[in-house]
file work06.csv (CSV, N, CA and C atoms)
chain,number,residue,atom,x,y,z
A,3,MET,N,59.3,-13.5,-0.8
A,3,MET,CA,58.3,-14.3,-0.1
A,3,MET,C,58.7,-14.1,1.4
A,4,LYS,N,57.7,-13.9,2.2
A,4,LYS,CA,57.9,-13.7,3.6
A,4,LYS,C,58.2,-15.1,4.3
A,5,LYS,N,59.2,-15.1,5.1
A,5,LYS,CA,59.5,-16.3,5.9
A,5,LYS,C,58.4,-16.7,6.8
A,6,GLY,N,58.0,-17.9,6.9
A,6,GLY,CA,56.9,-18.3,7.8
A,6,GLY,C,55.5,-18.2,7.2
A,7,ASN,N,55.4,-17.7,6.0
A,7,ASN,CA,54.1,-17.6,5.3
A,7,ASN,C,54.0,-18.8,4.5
A,8,LYS,N,53.2,-19.8,4.9
A,8,LYS,CA,53.1,-21.0,4.1
A,8,LYS,C,52.4,-20.9,2.8
A,9,TYR,N,51.7,-19.7,2.5
A,9,TYR,CA,51.1,-19.5,1.3
A,9,TYR,C,51.8,-18.5,0.4
A,10,GLY,N,53.0,-18.1,0.9
A,10,GLY,CA,53.8,-17.1,0.1
A,10,GLY,C,54.2,-17.6,-1.3
A,11,TYR,N,54.3,-18.9,-1.4
A,11,TYR,CA,54.7,-19.4,-2.8
A,11,TYR,C,53.5,-19.1,-3.7
A,12,ALA,N,52.3,-19.3,-3.3
A,12,ALA,CA,51.1,-19.1,-4.2
A,12,ALA,C,51.0,-17.6,-4.5
A,13,GLU,N,51.2,-16.7,-3.5
A,13,GLU,CA,51.2,-15.3,-3.7
A,13,GLU,C,52.3,-14.9,-4.7
A,14,ALA,N,53.5,-15.4,-4.5
A,14,ALA,CA,54.6,-15.0,-5.3
A,14,ALA,C,54.4,-15.5,-6.7
A,15,LEU,N,53.9,-16.7,-7.0
A,15,LEU,CA,53.7,-17.1,-8.3
A,15,LEU,C,52.6,-16.3,-9.0
A,16,ALA,N,51.5,-16.0,-8.3
A,16,ALA,CA,50.4,-15.3,-8.9
A,16,ALA,C,50.9,-13.8,-9.2
A,17,ALA,N,51.7,-13.2,-8.3
A,17,ALA,CA,52.2,-11.9,-8.5
A,17,ALA,C,53.1,-11.9,-9.8
A,18,ALA,N,53.8,-13.0,-10.1
A,18,ALA,CA,54.6,-13.1,-11.2
A,18,ALA,C,53.8,-13.5,-12.5
A,19,LYS,N,52.5,-13.4,-12.3
A,19,LYS,CA,51.5,-13.8,-13.4
A,19,LYS,C,51.7,-15.2,-13.9
A,20,ARG,N,51.9,-16.1,-12.9
A,20,ARG,CA,52.0,-17.5,-13.1
A,20,ARG,C,50.7,-18.1,-12.5
A,21,PRO,N,50.0,-18.9,-13.2
A,21,PRO,CA,48.7,-19.5,-12.7
A,21,PRO,C,49.0,-20.4,-11.5
A,22,VAL,N,48.1,-20.4,-10.5
A,22,VAL,CA,48.2,-21.2,-9.3
A,22,VAL,C,46.8,-21.8,-9.1
A,23,ILE,N,46.8,-23.1,-8.9
A,23,ILE,CA,45.5,-23.8,-8.6
A,23,ILE,C,45.6,-24.2,-7.2
A,24,LEU,N,44.6,-23.7,-6.4
A,24,LEU,CA,44.5,-24.0,-5.0
A,24,LEU,C,43.3,-24.8,-4.7
A,25,PHE,N,43.4,-25.8,-3.8
A,25,PHE,CA,42.3,-26.5,-3.3
A,25,PHE,C,41.5,-25.5,-2.5
A,26,ASP,N,40.2,-25.4,-2.7
A,26,ASP,CA,39.4,-24.4,-2.0
A,26,ASP,C,39.2,-24.8,-0.6
A,27,GLN,N,39.8,-24.2,0.3
A,27,GLN,CA,39.7,-24.5,1.7
A,27,GLN,C,39.5,-23.2,2.5
A,28,PRO,N,38.8,-23.3,3.7
A,28,PRO,CA,38.6,-22.1,4.5
A,28,PRO,C,39.9,-21.4,4.9
A,29,TYR,N,41.0,-22.1,5.1
A,29,TYR,CA,42.2,-21.4,5.5
A,29,TYR,C,42.9,-20.6,4.4
A,30,ASN,N,42.5,-20.8,3.2
A,30,ASN,CA,43.2,-20.0,2.1
A,30,ASN,C,42.2,-19.1,1.4
A,31,GLN,N,41.0,-18.9,1.9
A,31,GLN,CA,40.1,-18.0,1.3
A,31,GLN,C,40.5,-16.6,1.2
A,32,SER,N,41.4,-16.1,2.0
A,32,SER,CA,41.9,-14.7,1.9
A,32,SER,C,42.8,-14.5,0.8
A,33,LEU,N,43.3,-15.6,0.1
A,33,LEU,CA,44.2,-15.4,-1.0
A,33,LEU,C,43.4,-15.2,-2.2
A,34,ALA,N,43.7,-14.1,-3.0
A,34,ALA,CA,42.9,-13.8,-4.2
A,34,ALA,C,43.8,-13.1,-5.2
A,35,ASN,N,43.7,-13.5,-6.4
A,35,ASN,CA,44.5,-12.8,-7.5
A,35,ASN,C,43.9,-13.4,-8.8
A,36,GLU,N,44.0,-12.6,-9.8
A,36,GLU,CA,43.4,-13.1,-11.1
A,36,GLU,C,44.1,-14.3,-11.6
A,37,PHE,N,45.3,-14.6,-11.1
A,37,PHE,CA,46.0,-15.8,-11.6
A,37,PHE,C,45.9,-17.0,-10.6
A,38,MET,N,45.0,-16.9,-9.6
A,38,MET,CA,44.7,-18.0,-8.7
A,38,MET,C,43.4,-18.6,-9.1
A,39,TYR,N,43.4,-19.9,-9.2
A,39,TYR,CA,42.3,-20.6,-9.6
A,39,TYR,C,42.0,-21.6,-8.5
A,40,ARG,N,40.7,-21.9,-8.3
A,40,ARG,CA,40.3,-22.8,-7.2
A,40,ARG,C,39.7,-24.1,-7.7
A,41,ALA,N,39.9,-25.1,-6.9
A,41,ALA,CA,39.3,-26.4,-7.2
A,41,ALA,C,38.9,-27.1,-5.9
A,42,SER,N,37.8,-27.9,-6.0
A,42,SER,CA,37.4,-28.6,-4.8
A,42,SER,C,37.6,-30.1,-4.9
A,43,ASN,N,38.1,-30.5,-6.1
A,43,ASN,CA,38.4,-31.9,-6.2
A,43,ASN,C,39.3,-32.1,-7.4
A,44,TRP,N,39.8,-33.3,-7.6
A,44,TRP,CA,40.8,-33.6,-8.7
A,44,TRP,C,40.3,-33.4,-10.1
A,45,LEU,N,39.0,-33.6,-10.3
A,45,LEU,CA,38.4,-33.4,-11.6
A,45,LEU,C,38.4,-31.9,-11.9
A,46,GLU,N,38.1,-31.1,-10.9
A,46,GLU,CA,38.2,-29.6,-11.1
A,46,GLU,C,39.6,-29.2,-11.4
A,47,VAL,N,40.6,-29.8,-10.7
A,47,VAL,CA,42.0,-29.5,-11.0
A,47,VAL,C,42.3,-29.8,-12.5
A,48,LYS,N,41.9,-31.0,-13.0
A,48,LYS,CA,42.1,-31.3,-14.4
A,48,LYS,C,41.5,-30.3,-15.3
A,49,ASN,N,40.2,-29.9,-15.0
A,49,ASN,CA,39.5,-29.0,-15.8
A,49,ASN,C,40.3,-27.6,-15.8
A,50,GLN,N,40.8,-27.2,-14.7
A,50,GLN,CA,41.6,-25.9,-14.6
A,50,GLN,C,42.8,-26.1,-15.5
A,51,ILE,N,43.5,-27.2,-15.4
A,51,ILE,CA,44.7,-27.4,-16.2
A,51,ILE,C,44.4,-27.4,-17.7
A,52,ASP,N,43.3,-28.1,-18.1
A,52,ASP,CA,42.9,-28.1,-19.5
A,52,ASP,C,42.6,-26.6,-19.9
A,53,TYR,N,41.9,-25.9,-19.1
A,53,TYR,CA,41.6,-24.5,-19.4
A,53,TYR,C,42.8,-23.7,-19.6
A,54,LEU,N,43.8,-23.8,-18.7
A,54,LEU,CA,45.0,-23.0,-18.7
A,54,LEU,C,45.8,-23.5,-20.0
A,55,ALA,N,45.8,-24.7,-20.3
A,55,ALA,CA,46.5,-25.2,-21.4
A,55,ALA,C,46.0,-24.6,-22.7
A,56,SER,N,44.7,-24.4,-22.7
A,56,SER,CA,44.0,-23.9,-23.9
A,56,SER,C,44.4,-22.4,-24.1
A,57,MET,N,44.8,-21.8,-23.0
A,57,MET,CA,45.1,-20.3,-23.1
A,57,MET,C,46.6,-20.1,-23.6
A,58,ASN,N,47.3,-21.2,-23.7
A,58,ASN,CA,48.8,-21.1,-24.1
A,58,ASN,C,49.5,-20.1,-23.2
A,59,LEU,N,49.5,-20.2,-21.9
A,59,LEU,CA,50.2,-19.3,-21.0
A,59,LEU,C,51.7,-19.6,-21.0

call {"tool": "encode", "arguments": {"input": "work06.csv", "output": "structure tokens"}}
result
Amino acid sequence: MKKGNKYGYAEALAAAKRPVILFDQPYNQSLANEFMYRASNWLEVKNQIDYLASMNL
């Protein structure tokens, strides 16, 4: 992870094939990976968690 990169944790987890749920914000739109999921509210976070749990990751 690059020092000073506040989104390095998300990139590192996704690169390690670990799911990451990000709140969809303009400042993190450049982050993309098949293991990154987006949510705009807490209900969407719960839905993403339920979806990921059903996949048995």

call {"tool": "atom_distance", "arguments": {"input": "work06.csv", "atom1": "atom C of A:Phe37", "atom2": "atom C of A:Ala18"}}
result
8.8 Å

call {"tool": "atom_distance", "arguments": {"input": "work06.csv", "atom1": "atom C of A:Gln50", "atom2": "atom C of A:Leu33"}}
result
17.2 Å

call {"tool": "atom_distance", "arguments": {"input": "work06.csv", "atom1": "atom CA of A:Pro28", "atom2": "atom CA of A:Leu54"}}
result
24.1 Å

call {"tool": "residues_around", "arguments": {"input": "work06.csv", "residues": "A:Ala12", "least_positions_apart": "4", "cutoff": "9 Å", "atoms": "only C-alpha atoms", "output": "list of chain:residue names"}}
result
A:Lys8, A:Ala16, A:Ala17, A:Pro21, A:Val22, A:Ile23, A:Leu24, A:Leu33, A:Met38

call {"tool": "select_by_dssp", "arguments": {"input": "work06.csv", "residues": "chain A", "states": "strand (DSSP E)", "output": "list in words"}}
result
Val22, Ile23, Leu24, Phe25, Met38, Tyr39, Arg40 and Ala41 of chain A

call {"tool": "residues_around", "arguments": {"input": "work06.csv", "residues": "A:Asp26", "least_positions_apart": "2", "cutoff": "6.5 Å", "atoms": "only N, CA and C atoms", "output": "number ranges by chain"}}
result
A: 24, 28, 30, 40-43

call {"tool": "select_by_dssp", "arguments": {"input": "work06.csv", "residues": "chain A", "states": "alpha helix (DSSP H)", "output": "VMD selection string"}}
result
chain A and resid 10 to 17 44 to 56
